[in-house]
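**Student:** coords09.tsv is the file, holding TSV, C-alpha atoms:
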```tsv
chain	number	residue	atom	x	y	z
A	1219	MET	CA	-2.46	54.56	-40.36
A	1220	LYS	CA	-2.66	58.30	-40.72
A	1221	ILE	CA	-6.47	58.20	-40.78
A	1222	ASP	CA	-6.58	56.06	-37.63
A	1223	SER	CA	-4.36	58.52	-35.80
A	1224	GLN	CA	-6.63	61.42	-36.79
A	1225	ASP	CA	-9.74	59.55	-35.55
A	1226	SER	CA	-7.99	58.75	-32.31
A	1227	ALA	CA	-7.07	62.39	-31.83
A	1228	ALA	CA	-10.66	63.48	-32.51
A	1229	ASN	CA	-12.00	60.97	-29.98
A	1230	LYS	CA	-9.58	62.28	-27.39
A	1231	VAL	CA	-10.73	65.83	-28.05
A	1232	ASN	CA	-14.39	64.80	-27.72
A	1233	ASP	CA	-13.69	62.90	-24.52
A	1234	LEU	CA	-11.83	65.89	-23.18
A	1235	SER	CA	-14.73	68.22	-24.07
A	1236	VAL	CA	-17.27	65.96	-22.33
A	1237	LYS	CA	-15.04	65.73	-19.27
A	1238	GLN	CA	-14.69	69.50	-19.19
A	1239	VAL	CA	-18.45	69.97	-19.38
A	1240	LEU	CA	-19.05	67.41	-16.63
A	1241	THR	CA	-16.32	69.00	-14.51
A	1242	ARG	CA	-17.88	72.44	-14.91
A	1243	LEU	CA	-21.35	71.14	-14.11
A	1244	LYS	CA	-20.04	69.47	-10.94
A	1245	SER	CA	-18.29	72.69	-10.05
A	1246	VAL	CA	-21.48	74.65	-10.56
A	1247	ALA	CA	-23.43	72.12	-8.48
A	1248	ARG	CA	-20.92	72.42	-5.62
A	1249	TYR	CA	-21.07	76.20	-5.90
A	1250	LEU	CA	-24.86	76.22	-5.75
A	1251	LYS	CA	-24.78	73.87	-2.77
A	1252	SER	CA	-22.46	76.27	-0.99
A	1253	LYS	CA	-24.88	79.09	-1.77
A	1254	TRP	CA	-27.98	77.28	-0.48
A	1255	LEU	CA	-28.70	80.08	1.98
A	1256	THR	CA	-28.73	82.67	-0.82
A	1257	VAL	CA	-31.06	80.46	-2.87
A	1258	ALA	CA	-33.37	79.93	0.12
A	1259	ILE	CA	-33.48	83.63	0.95
A	1260	THR	CA	-34.24	84.51	-2.68
A	1261	ALA	CA	-37.04	81.91	-2.78
A	1262	ILE	CA	-38.51	83.32	0.44
A	1263	LEU	CA	-38.33	86.85	-0.92
A	1264	GLY	CA	-40.08	85.63	-4.09
A	1265	ALA	CA	-42.82	84.05	-2.00
A	1266	ILE	CA	-43.27	87.29	-0.03
A	1267	LEU	CA	-43.43	89.31	-3.24
A	1268	GLY	CA	-45.98	86.83	-4.64
A	1269	LEU	CA	-48.12	87.25	-1.52
A	1270	GLY	CA	-47.88	91.01	-1.79
A	1271	TYR	CA	-48.86	90.85	-5.45
A	1272	SER	CA	-51.97	88.82	-4.58
A	1273	PHE	CA	-53.05	91.60	-2.21
A	1274	TYR	CA	-52.23	94.37	-4.69
A	1275	LYS	CA	-53.68	92.80	-7.84
A	1276	LYS	CA	-57.43	93.31	-8.15
A	1277	PRO	CA	-59.56	90.45	-9.49
A	1278	VAL	CA	-60.57	90.73	-13.13
A	1279	TYR	CA	-64.26	90.10	-13.80
A	1280	ASN	CA	-65.46	88.36	-16.94
A	1281	ALA	CA	-68.82	89.48	-18.37
A	1282	THR	CA	-69.97	87.08	-21.09
A	1283	CYS	CA	-73.00	87.30	-23.35
A	1284	THR	CA	-73.84	84.69	-25.97
A	1285	PHE	CA	-76.66	84.85	-28.49
A	1286	VAL	CA	-77.78	83.07	-31.62
A	1287	LEU	CA	-78.22	84.97	-34.87
A	1288	GLU	CA	-80.66	83.50	-37.38
A	1289	GLU	CA	-80.82	85.19	-40.74
A	1290	SER	CA	-84.13	85.83	-42.47
A	1291	GLY	CA	-85.21	83.46	-45.22
A	1292	LYS	CA	-84.12	84.37	-48.72
A	1293	GLY	CA	-86.72	84.53	-51.44
A	1294	GLY	CA	-89.32	81.88	-50.73
A	1295	GLY	CA	-92.98	82.44	-51.48
A	1296	ILE	CA	-92.58	86.19	-51.49
A	1297	GLY	CA	-91.03	86.10	-54.98
A	1298	GLN	CA	-94.37	85.44	-56.66
A	1299	TYR	CA	-95.64	88.82	-55.45
A	1300	ALA	CA	-92.73	90.84	-56.85
A	1301	GLY	CA	-94.69	91.62	-60.01
A	1302	LEU	CA	-97.57	93.10	-58.07
A	1303	ALA	CA	-95.26	95.27	-56.00
A	1304	SER	CA	-93.48	96.50	-59.12
A	1305	LEU	CA	-96.76	98.12	-60.29
A	1306	ALA	CA	-96.19	100.75	-57.62
A	1307	GLY	CA	-92.48	101.00	-58.37
A	1308	ILE	CA	-91.56	99.22	-55.14
A	1309	SER	CA	-88.94	96.48	-54.79
A	1310	ILE	CA	-89.70	94.03	-52.00
A	1311	GLY	CA	-86.18	92.54	-52.18
A	1312	GLY	CA	-86.88	88.87	-51.65
A	1313	GLY	CA	-83.52	87.62	-52.83
A	1314	GLY	CA	-81.04	90.09	-51.38
A	1315	GLY	CA	-77.78	88.98	-49.89
A	1316	GLY	CA	-76.37	89.49	-46.41
A	1317	GLY	CA	-74.60	92.72	-47.36
A	1318	ILE	CA	-72.11	94.06	-44.83
A	1319	PHE	CA	-73.13	91.41	-42.31
A	1320	GLU	CA	-72.07	88.40	-44.34
A	1321	GLY	CA	-69.49	86.12	-42.74
A	1322	ASP	CA	-67.68	87.47	-39.70
A	1323	ASN	CA	-68.25	91.16	-40.45
A	1324	ILE	CA	-70.67	91.48	-37.55
A	1325	ILE	CA	-67.79	90.57	-35.22
A	1326	GLU	CA	-65.82	93.54	-36.53
A	1327	LEU	CA	-68.89	95.71	-35.98
A	1328	TYR	CA	-68.61	94.94	-32.27
A	1329	LYS	CA	-65.06	96.31	-32.31
A	1330	SER	CA	-65.91	99.46	-34.24
A	1331	ARG	CA	-65.42	102.88	-32.70
A	1332	ILE	CA	-69.01	104.02	-33.26
A	1333	MET	CA	-70.48	101.07	-31.33
A	1334	ILE	CA	-67.98	101.27	-28.45
A	1335	GLU	CA	-68.39	105.06	-28.22
A	1336	LYS	CA	-72.17	104.77	-28.14
A	1337	THR	CA	-71.91	102.19	-25.38
A	1338	LEU	CA	-69.48	104.28	-23.33
A	1339	LEU	CA	-71.91	107.20	-23.44
A	1340	ARG	CA	-74.69	104.95	-22.13
A	1341	THR	CA	-76.15	106.23	-18.86
A	1342	LEU	CA	-76.90	104.02	-15.87
A	1343	THR	CA	-78.34	104.76	-12.44
A	1344	ILE	CA	-76.24	103.92	-9.39
A	1345	LYS	CA	-77.58	104.70	-5.93
A	1346	GLY	CA	-80.07	107.15	-7.39
A	1347	LYS	CA	-77.45	109.03	-9.44
A	1348	ASN	CA	-77.15	108.99	-13.22
A	1349	ILE	CA	-73.65	108.50	-14.58
A	1350	SER	CA	-72.32	107.54	-17.98
A	1351	LEU	CA	-70.18	104.42	-18.38
A	1352	ILE	CA	-67.21	106.44	-19.57
A	1353	GLU	CA	-67.31	108.68	-16.48
A	1354	ARG	CA	-67.46	105.61	-14.24
A	1355	TYR	CA	-64.50	104.08	-16.08
A	1356	ILE	CA	-62.49	107.29	-15.72
A	1357	ALA	CA	-63.25	107.44	-11.98
A	1358	ASP	CA	-62.47	103.74	-11.40
A	1359	LYS	CA	-59.09	103.96	-13.21
A	1360	HIS	CA	-58.22	107.32	-11.58
A	1361	LEU	CA	-57.51	108.78	-15.01
A	1362	ARG	CA	-58.17	112.36	-13.95
A	1363	LYS	CA	-55.18	112.23	-11.58
A	1364	ARG	CA	-53.00	111.28	-14.53
A	1365	TRP	CA	-54.61	113.92	-16.73
A	1366	LYS	CA	-54.05	116.58	-14.06
A	1367	LYS	CA	-50.37	116.68	-14.97
A	1368	GLU	CA	-51.37	117.52	-18.53
A	1369	HIS	CA	-54.01	120.02	-17.36
A	1370	ILE	CA	-56.85	118.15	-19.06
A	1371	ASP	CA	-58.54	116.74	-15.95
A	1372	SER	CA	-61.58	119.01	-16.42
A	1373	VAL	CA	-62.66	117.27	-19.64
A	1374	SER	CA	-66.25	115.97	-19.55
A	1375	PHE	CA	-68.36	113.70	-21.72
A	1376	ASN	CA	-71.83	114.88	-20.75
A	1377	SER	CA	-72.49	116.64	-24.06
A	1378	SER	CA	-73.58	115.21	-27.40
A	1379	PRO	CA	-70.94	113.31	-29.45
A	1380	GLU	CA	-71.49	115.73	-32.33
A	1381	THR	CA	-70.09	118.56	-30.18
A	1382	PHE	CA	-67.02	116.69	-28.90
A	1383	THR	CA	-63.70	118.46	-29.19
A	1384	ARG	CA	-60.49	117.02	-30.60
A	1385	LEU	CA	-59.38	116.13	-27.06
A	1386	GLN	CA	-62.59	114.25	-26.27
A	1387	ASP	CA	-62.43	112.31	-29.53
A	1388	SER	CA	-58.78	111.48	-28.86
A	1389	ILE	CA	-59.57	110.08	-25.41
A	1390	ILE	CA	-62.37	107.91	-26.77
A	1391	THR	CA	-60.09	106.65	-29.55
A	1392	ASP	CA	-57.49	105.62	-26.97
A	1393	LEU	CA	-60.15	103.79	-24.95
A	1394	VAL	CA	-61.44	101.98	-28.05
A	1395	THR	CA	-57.90	100.86	-28.91
A	1396	ALA	CA	-57.25	99.70	-25.34
A	1397	PHE	CA	-60.53	97.79	-25.13
A	1398	ASN	CA	-59.89	95.96	-28.40
A	1399	LYS	CA	-56.39	94.97	-27.27
A	1400	ARG	CA	-57.00	93.94	-23.66
A	1401	ASN	CA	-60.66	93.90	-22.63
A	1402	LEU	CA	-62.99	93.00	-25.47
A	1403	ASN	CA	-63.16	89.63	-27.19
A	1404	VAL	CA	-65.83	88.75	-29.77
A	1405	SER	CA	-65.81	85.34	-31.44
A	1406	LYS	CA	-67.79	82.41	-32.79
A	1407	PRO	CA	-67.10	79.37	-30.59
A	1408	ASP	CA	-68.16	77.11	-33.46
A	1409	LYS	CA	-67.69	78.31	-37.04
A	1410	LYS	CA	-70.53	76.05	-38.20
A	1411	LEU	CA	-73.06	77.68	-35.87
A	1412	ASN	CA	-74.43	81.22	-35.75
A	1413	ILE	CA	-73.69	81.60	-32.05
A	1414	ILE	CA	-71.71	84.72	-31.17
A	1415	LYS	CA	-69.87	85.15	-27.88
A	1416	VAL	CA	-69.04	88.58	-26.48
A	1417	GLU	CA	-66.62	88.79	-23.55
A	1418	PHE	CA	-65.44	91.85	-21.65
A	1419	LEU	CA	-62.82	91.81	-18.90
A	1420	ASP	CA	-62.43	94.56	-16.32
A	1421	GLU	CA	-61.62	95.09	-12.67
A	1422	ASP	CA	-64.95	96.92	-12.20
A	1423	GLU	CA	-67.64	94.23	-11.99
A	1424	LEU	CA	-70.62	96.52	-12.62
A	1425	PHE	CA	-68.89	98.31	-15.50
A	1426	ALA	CA	-68.02	94.99	-17.18
A	1427	LYS	CA	-71.64	93.83	-16.94
A	1428	GLU	CA	-73.27	97.07	-18.12
A	1429	PHE	CA	-70.77	97.64	-20.93
A	1430	THR	CA	-71.31	94.13	-22.29
A	1431	LEU	CA	-75.10	94.41	-22.17
A	1432	GLY	CA	-75.02	97.88	-23.74
A	1433	LEU	CA	-72.66	96.84	-26.53
A	1434	VAL	CA	-74.74	93.80	-27.45
A	1435	GLU	CA	-77.94	95.87	-27.42
A	1436	ASN	CA	-76.47	98.66	-29.57
A	1437	VAL	CA	-74.91	96.35	-32.15
A	1438	ASN	CA	-77.95	94.11	-32.44
A	1439	ASN	CA	-80.31	97.08	-32.83
A	1440	PHE	CA	-78.05	98.58	-35.49
A	1441	TYR	CA	-77.92	95.19	-37.21
A	1442	ILE	CA	-81.72	94.82	-37.29
A	1443	GLN	CA	-82.29	98.40	-38.46
A	1444	THR	CA	-79.75	98.05	-41.25
A	1445	LYS	CA	-81.04	94.67	-42.41
A	1446	THR	CA	-84.65	95.88	-42.55
A	1447	LYS	CA	-84.02	99.47	-43.65
A	1448	LYS	CA	-84.92	98.97	-47.33
A	1449	ALA	CA	-88.02	96.90	-46.62
A	1450	TYR	CA	-89.11	99.42	-43.97
A	1451	GLN	CA	-88.70	102.30	-46.41
A	1452	ASP	CA	-90.83	100.41	-48.94
A	1453	VAL	CA	-93.59	100.05	-46.35
A	1454	LEU	CA	-93.46	103.78	-45.54
A	1455	ILE	CA	-93.67	104.74	-49.23
A	1456	LEU	CA	-96.61	102.45	-49.89
A	1457	GLN	CA	-98.36	103.63	-46.74
A	1458	LYS	CA	-98.05	107.26	-47.89
A	1459	GLN	CA	-99.35	106.34	-51.34
A	1460	ALA	CA	-102.25	104.43	-49.83
A	1461	ASP	CA	-103.19	107.36	-47.59
A	1462	SER	CA	-102.94	109.80	-50.49
A	1463	VAL	CA	-105.08	107.70	-52.85
A	1464	LYS	CA	-107.60	107.11	-50.06
A	1465	ASN	CA	-107.99	110.86	-49.55
A	1466	VAL	CA	-108.53	111.34	-53.30
A	1467	LEU	CA	-111.05	108.49	-53.30
A	1468	ASN	CA	-112.95	110.07	-50.42
A	1469	LEU	CA	-113.08	113.37	-52.30
A	1470	SER	CA	-114.34	111.57	-55.41
A	1471	ILE	CA	-117.12	109.90	-53.44
A	1472	SER	CA	-118.06	113.26	-51.96
A	1473	GLY	CA	-118.05	114.71	-55.48
A	1474	VAL	CA	-120.52	112.03	-56.71
A	1475	ALA	CA	-122.82	112.82	-53.83
A	1476	ALA	CA	-122.57	116.56	-54.46
A	1477	ALA	CA	-123.27	116.14	-58.21
A	1478	THR	CA	-126.31	113.98	-57.47
A	1479	ASP	CA	-127.61	116.46	-54.92
A	1480	ALA	CA	-127.25	119.27	-57.48
A	1481	SER	CA	-130.00	117.76	-59.62
A	1482	PRO	CA	-132.00	115.35	-57.47
A	1483	ASN	CA	-135.00	115.19	-59.86
A	1484	ALA	CA	-133.25	115.53	-63.19
A	1485	ASN	CA	-135.29	115.25	-66.36
A	1486	PRO	CA	-134.47	111.83	-67.87
A	1487	THR	CA	-134.50	113.32	-71.35
A	1488	LEU	CA	-131.76	115.80	-70.45
A	1489	LEU	CA	-128.67	113.54	-70.39
A	1490	SER	CA	-126.31	116.47	-69.96
A	1491	LEU	CA	-127.48	116.79	-66.35
A	1492	LYS	CA	-126.00	113.33	-65.58
A	1493	VAL	CA	-122.53	114.10	-66.97
A	1494	PRO	CA	-121.00	115.62	-63.77
A	1495	SER	CA	-122.23	112.70	-61.67
A	1496	GLN	CA	-120.96	110.12	-64.19
A	1497	LYS	CA	-117.51	111.79	-64.35
A	1498	LYS	CA	-117.23	111.67	-60.58
A	1499	GLN	CA	-118.31	108.04	-60.63
A	1500	ILE	CA	-115.50	107.19	-63.08
A	1501	ASP	CA	-113.02	108.87	-60.73
A	1502	VAL	CA	-114.37	106.78	-57.86
A	1503	GLN	CA	-113.97	103.54	-59.82
A	1504	ALA	CA	-110.44	104.41	-60.99
A	1505	ASN	CA	-109.29	105.47	-57.52
A	1506	SER	CA	-110.90	102.38	-55.96
A	1507	SER	CA	-108.95	100.15	-58.32
A	1508	ILE	CA	-105.66	101.99	-57.65
A	1509	TYR	CA	-106.27	101.96	-53.91
A	1510	GLY	CA	-106.95	98.22	-53.94
A	1511	GLU	CA	-103.67	97.47	-55.75
A	1512	ILE	CA	-101.67	99.71	-53.43
A	1513	VAL	CA	-103.19	98.03	-50.36
A	1514	LYS	CA	-102.20	94.65	-51.78
A	1515	ASN	CA	-98.64	95.82	-52.33
A	1516	LEU	CA	-98.59	97.35	-48.87
A	1517	GLU	CA	-99.50	94.05	-47.26
A	1518	ILE	CA	-96.91	92.25	-49.39
A	1519	SER	CA	-94.23	94.73	-48.27
A	1520	LYS	CA	-95.21	94.18	-44.64
A	1521	ILE	CA	-94.76	90.45	-45.17
A	1522	SER	CA	-91.37	91.13	-46.74
A	1523	LEU	CA	-90.41	93.31	-43.78
A	1524	ARG	CA	-91.27	90.51	-41.37
A	1525	GLN	CA	-89.24	88.06	-43.44
A	1526	GLU	CA	-86.23	90.37	-43.54
A	1527	MET	CA	-86.31	90.75	-39.75
A	1528	PRO	CA	-83.44	88.62	-38.35
A	1529	LEU	CA	-83.97	86.62	-35.19
A	1530	ILE	CA	-81.54	87.44	-32.39
A	1531	GLN	CA	-82.05	85.30	-29.32
A	1532	VAL	CA	-79.88	85.85	-26.25
A	1533	ILE	CA	-78.75	82.54	-24.76
A	1534	ASP	CA	-76.70	83.74	-21.78
A	1535	LYS	CA	-76.21	87.22	-20.42
A	1536	PRO	CA	-73.93	88.51	-17.64
A	1537	ILE	CA	-75.53	88.24	-14.21
A	1538	LEU	CA	-73.97	89.38	-10.95
A	1539	PRO	CA	-71.81	88.04	-9.42
A	1540	LEU	CA	-69.59	87.64	-12.47
A	1541	ASP	CA	-66.86	85.06	-12.88
A	1542	LYS	CA	-63.55	86.49	-11.72
A	1543	ASN	CA	-59.95	85.67	-12.44
A	1544	TYR	CA	-57.54	86.17	-9.55
A	1545	ILE	CA	-54.42	84.67	-7.98
A	1546	GLY	CA	-55.03	83.08	-4.61
A	1547	LYS	CA	-52.64	83.73	-1.74
A	1548	ILE	CA	-51.33	80.16	-1.55
A	1549	LYS	CA	-50.88	80.00	-5.31
A	1550	ALA	CA	-49.11	83.37	-5.30
A	1551	ILE	CA	-46.74	82.23	-2.54
A	1552	ILE	CA	-45.87	79.01	-4.37
A	1553	LEU	CA	-45.38	80.73	-7.74
A	1554	GLY	CA	-43.34	83.54	-6.19
A	1555	GLY	CA	-41.15	81.06	-4.31
A	1556	LEU	CA	-40.53	78.95	-7.40
A	1557	ILE	CA	-39.71	81.99	-9.52
A	1558	GLY	CA	-37.27	83.24	-6.85
A	1559	PHE	CA	-35.71	79.78	-6.51
A	1560	PHE	CA	-35.07	79.26	-10.22
A	1561	LEU	CA	-34.01	82.87	-10.74
A	1562	ALA	CA	-31.39	82.55	-7.98
A	1563	ILE	CA	-30.09	79.29	-9.46
A	1564	LEU	CA	-29.91	80.82	-12.92
A	1565	ILE	CA	-28.04	83.94	-11.81
A	1566	LEU	CA	-25.60	81.99	-9.62
A	1567	SER	CA	-24.97	79.41	-12.35
A	1568	VAL	CA	-24.26	82.04	-14.97
A	1569	ASN	CA	-22.01	83.90	-12.53
A	1570	LYS	CA	-20.04	80.72	-11.71
A	1571	LEU	CA	-19.62	79.79	-15.39
A	1572	PHE	CA	-18.49	83.32	-16.20
A	1573	MET	CA	-15.89	83.26	-13.40
A	1574	SER	CA	-14.66	79.83	-14.49
A	1575	SER	CA	-14.27	80.99	-18.10
A	1576	ALA	CA	-12.42	84.09	-16.98
A	1577	ALA	CA	-10.06	82.00	-14.83
A	1578	THR	CA	-9.40	79.58	-17.72
A	1579	ASN	CA	-8.59	82.40	-20.14
A	1580	LYS	CA	-6.01	83.77	-17.71
```
Have the structure of the file written as structure tokens, please.

**Tutor:**
Amino acid sequence: MKIDSQDSAANKVNDLSVKQVLTRLKSVARYLKSKWLTVAITAILGAILGLGYSFYKKPVYNATCTFVLEESGKGGGIGQYAGLASLAGISIGGGGGGGIFEGDNIIELYKSRIMIEKTLLRTLTIKGKNISLIERYIADKHLRKRWKKEHIDSVSFNSSPETFTRLQDSIITDLVTAFNKRNLNVSKPDKKLNIIKVEFLDEDELFAKEFTLGLVENVNNFYIQTKTKKAYQDVLILQKQADSVKNVLNLSISGVAAATDASPNANPTLLSLKVPSQKKQIDVQANSSIYGEIVKNLEISKISLRQEMPLIQVIDKPILPLDKNYIGKIKAIILGGLIGFFLAILILSVNKLFMSSAATNK
């Protein structure tokens, strides 16, 4: 019997709690209904603010560049020539790995300071005037007005990066950080494919386009130069060796001719007269053999260089007019009105509940 009485009391408490909640909700609903004019005015003000925001907010342009990256073949038929190249002390590197560009490291290269800085210092011609991208960005964002308060509005970026001061480097660092957070997005749409997508968002349409094109060009050139650097150095070394041996060979041939001219009608019984000519002839044969091997290795290294050269093919590049993201006037009015409407209801509801709780506690 005691247990039944406890359950009955609990049910009464629950019923009372539900009734209290329903009573408060009805009270809030009546209160909101009485405040319909306030809600309507707030919604109208929200719509007006939304319309004003649509006029104030500039459209953001999206410059997108996509390209496919195809790595060079590893090894292959070039491996059989490695022994020949080793005669000259040259490694043709047929089986090297991807190095720093393996995986998604190339994506991080796009976000690096050195690549973004190099792109910002890129010069373009607008209406017959040359201007760097960073100077255009500073002018478009009115940064010099902000810097005037700090007395640094006279800073310029027309000099070489090697001569930049601490202030100039600090400004570029801030821009790199801001771009990586808000403007620049580099990704692989499909992890199984070697397609890379570079996006840059900015309110300046021309800046967004030129910055994207410049960044892709700088990174891809750096990528190709780094991938082929060792093979290219091998070609240069072999070319120098080939030129050097060829000069020695030419001198040896001239020496044979000079030795023969020294005794054109030599007595056949005097063999000592033929010694200088024979020595020069041996030099010619030895240098000819060395030159032939070096030329072979040179051609092999050129083949290796071509094989190491990655293929970068641009699929899409930013073309004016760019896609733009903006809030239309009708959409801004509707969103502003809805935000004002729900905000008014929320504030009034919380205020009513707070007053009801305060009255109950008294």

**Student:** Go through A:Leu1263, A:Val1437, A:Leu1385, A:Leu1523 and flag the residue nearest Ile1557 of chain A, using all atoms listed in the file for the distances.

**Tutor:**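 The answer is A:Leu1263, which sits nearest to Ile1557 of chain A.
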
**Student:** Separation of atom CA of Thr1337 of chain A and atom CA of Leu1351 of chain A, in Å?

**Tutor:**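 Interatomic distance here is 7.5 Å.
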
**Student:** To one decimal place, how far is atom CA of Leu1553 of chain A from atom CA of Asn1401 of chain A in Å?

**Tutor:**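 Interatomic distance here is 25.1 Å.
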
**Student:** Please compute the atom CA of Ile1512 of chain A-atom CA of Pro1528 of chain A distance, one decimal, in Å.

**Tutor:**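 Computing the Euclidean distance for atom CA of Ile1512 of chain A and atom CA of Pro1528 of chain A yields 26.1 Å.
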
**Student:** Which residues are close to Phe1285 of chain A, i.e. within 8 Å by all atoms listed in the file, leaving aside same-chain residues fewer than 5 positions away? Reply as a PyMOL selection string.

**Tutor:** chain A and resi 1413-1415+1530-1534

**Student:** Which residues, protein or nucleic acid, reach to within 9 Å of (-67.4, 94.9, -32.0) in the file's coordinates when using only C-alpha atoms, and can you give that as a ChimeraX atom specification?

**Tutor:** /A:1324-1331,1333-1334,1398,1402-1404,1416,1433-1434,1437

**Student:** Hey, which of A:Leu1419, A:Leu1571, A:Ala1261, A:Val1453 ends up closest to Asp1541 of chain A? Count all atoms listed in the file.

**Tutor:** A:Leu1419

**Student:** From the list A:Ser1378, A:Gln1386, A:Asn1439, A:Asn1280, which residue is nearest Leu1540 of chain A when using all atoms listed in the file?

**Tutor:** A:Asn1280

**Student:** Which is closest to Ile1521 of chain A among A:Ser1245, A:Ser1462, A:Gln1503, A:Thr1446, if we use all atoms listed in the file?

**Tutor:**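 Looking at the shortest contact to Ile1521 of chain A, the residue is A:Thr1446.
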
**Student:** Pick out the closest residue to Leu1287 of chain A from this set: A:Phe1273, A:Tyr1441, A:Phe1560, A:Tyr1450. Count all atoms listed in the file.

**Tutor:**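 Looking at the shortest contact to Leu1287 of chain A, the residue is A:Tyr1441.
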
**Student:** Go through A:Glu1421, A:Glu1428, A:Asp1452, A:Glu1511 one by one, measure the shortest atom-to-atom distance of each to Ile1344 of chain A using all atoms listed in the file, and give the residue with the smallest value.

**Tutor:**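 Answer, going by the shortest atom-to-atom distance: A:Glu1428.
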
**Student:** Take segment 1550-1566 of chain A, bring it up to N, CA and C atoms, and give me the output as a PDB file, keeping the file's coordinate frame.

**Tutor:**
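Listing of result-v4.pdb after writing:
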```
ATOM      1  N   ALA A1550     -50.072  82.290  -5.108  1.00  0.00           N
ATOM      2  CA  ALA A1550     -49.110  83.370  -5.300  1.00  0.00           C
ATOM      3  C   ALA A1550     -47.816  83.096  -4.546  1.00  0.00           C
ATOM      4  N   ILE A1551     -47.938  82.549  -3.329  1.00  0.00           N
ATOM      5  CA  ILE A1551     -46.740  82.230  -2.540  1.00  0.00           C
ATOM      6  C   ILE A1551     -45.916  81.159  -3.234  1.00  0.00           C
ATOM      7  N   ILE A1552     -46.592  80.107  -3.705  1.00  0.00           N
ATOM      8  CA  ILE A1552     -45.870  79.010  -4.370  1.00  0.00           C
ATOM      9  C   ILE A1552     -45.197  79.493  -5.656  1.00  0.00           C
ATOM     10  N   LEU A1553     -45.948  80.233  -6.481  1.00  0.00           N
ATOM     11  CA  LEU A1553     -45.380  80.730  -7.740  1.00  0.00           C
ATOM     12  C   LEU A1553     -44.223  81.697  -7.489  1.00  0.00           C
ATOM     13  N   GLY A1554     -44.407  82.597  -6.514  1.00  0.00           N
ATOM     14  CA  GLY A1554     -43.340  83.540  -6.190  1.00  0.00           C
ATOM     15  C   GLY A1554     -42.096  82.844  -5.683  1.00  0.00           C
ATOM     16  N   GLY A1555     -42.294  81.824  -4.823  1.00  0.00           N
ATOM     17  CA  GLY A1555     -41.150  81.060  -4.310  1.00  0.00           C
ATOM     18  C   GLY A1555     -40.421  80.317  -5.405  1.00  0.00           C
ATOM     19  N   LEU A1556     -41.165  79.683  -6.308  1.00  0.00           N
ATOM     20  CA  LEU A1556     -40.530  78.950  -7.400  1.00  0.00           C
ATOM     21  C   LEU A1556     -39.765  79.887  -8.344  1.00  0.00           C
ATOM     22  N   ILE A1557     -40.393  81.028  -8.644  1.00  0.00           N
ATOM     23  CA  ILE A1557     -39.710  81.990  -9.520  1.00  0.00           C
ATOM     24  C   ILE A1557     -38.421  82.478  -8.864  1.00  0.00           C
ATOM     25  N   GLY A1558     -38.469  82.799  -7.561  1.00  0.00           N
ATOM     26  CA  GLY A1558     -37.270  83.240  -6.850  1.00  0.00           C
ATOM     27  C   GLY A1558     -36.210  82.149  -6.800  1.00  0.00           C
ATOM     28  N   PHE A1559     -36.651  80.919  -6.583  1.00  0.00           N
ATOM     29  CA  PHE A1559     -35.710  79.780  -6.510  1.00  0.00           C
ATOM     30  C   PHE A1559     -34.972  79.600  -7.831  1.00  0.00           C
ATOM     31  N   PHE A1560     -35.710  79.489  -8.930  1.00  0.00           N
ATOM     32  CA  PHE A1560     -35.070  79.260 -10.220  1.00  0.00           C
ATOM     33  C   PHE A1560     -34.278  80.483 -10.700  1.00  0.00           C
ATOM     34  N   LEU A1561     -34.742  81.669 -10.353  1.00  0.00           N
ATOM     35  CA  LEU A1561     -34.010  82.870 -10.740  1.00  0.00           C
ATOM     36  C   LEU A1561     -32.663  82.924 -10.021  1.00  0.00           C
ATOM     37  N   ALA A1562     -32.647  82.556  -8.735  1.00  0.00           N
ATOM     38  CA  ALA A1562     -31.390  82.550  -7.980  1.00  0.00           C
ATOM     39  C   ALA A1562     -30.418  81.518  -8.561  1.00  0.00           C
ATOM     40  N   ILE A1563     -30.939  80.324  -8.875  1.00  0.00           N
ATOM     41  CA  ILE A1563     -30.090  79.290  -9.460  1.00  0.00           C
ATOM     42  C   ILE A1563     -29.523  79.739 -10.800  1.00  0.00           C
ATOM     43  N   LEU A1564     -30.368  80.368 -11.608  1.00  0.00           N
ATOM     44  CA  LEU A1564     -29.910  80.820 -12.920  1.00  0.00           C
ATOM     45  C   LEU A1564     -28.820  81.875 -12.802  1.00  0.00           C
ATOM     46  N   ILE A1565     -29.031  82.848 -11.953  1.00  0.00           N
ATOM     47  CA  ILE A1565     -28.040  83.940 -11.810  1.00  0.00           C
ATOM     48  C   ILE A1565     -26.724  83.398 -11.250  1.00  0.00           C
ATOM     49  N   LEU A1566     -26.818  82.549 -10.215  1.00  0.00           N
ATOM     50  CA  LEU A1566     -25.600  81.990  -9.620  1.00  0.00           C
ATOM     51  C   LEU A1566     -24.853  81.089 -10.587  1.00  0.00           C
TER      52      LEU A1566
END
```
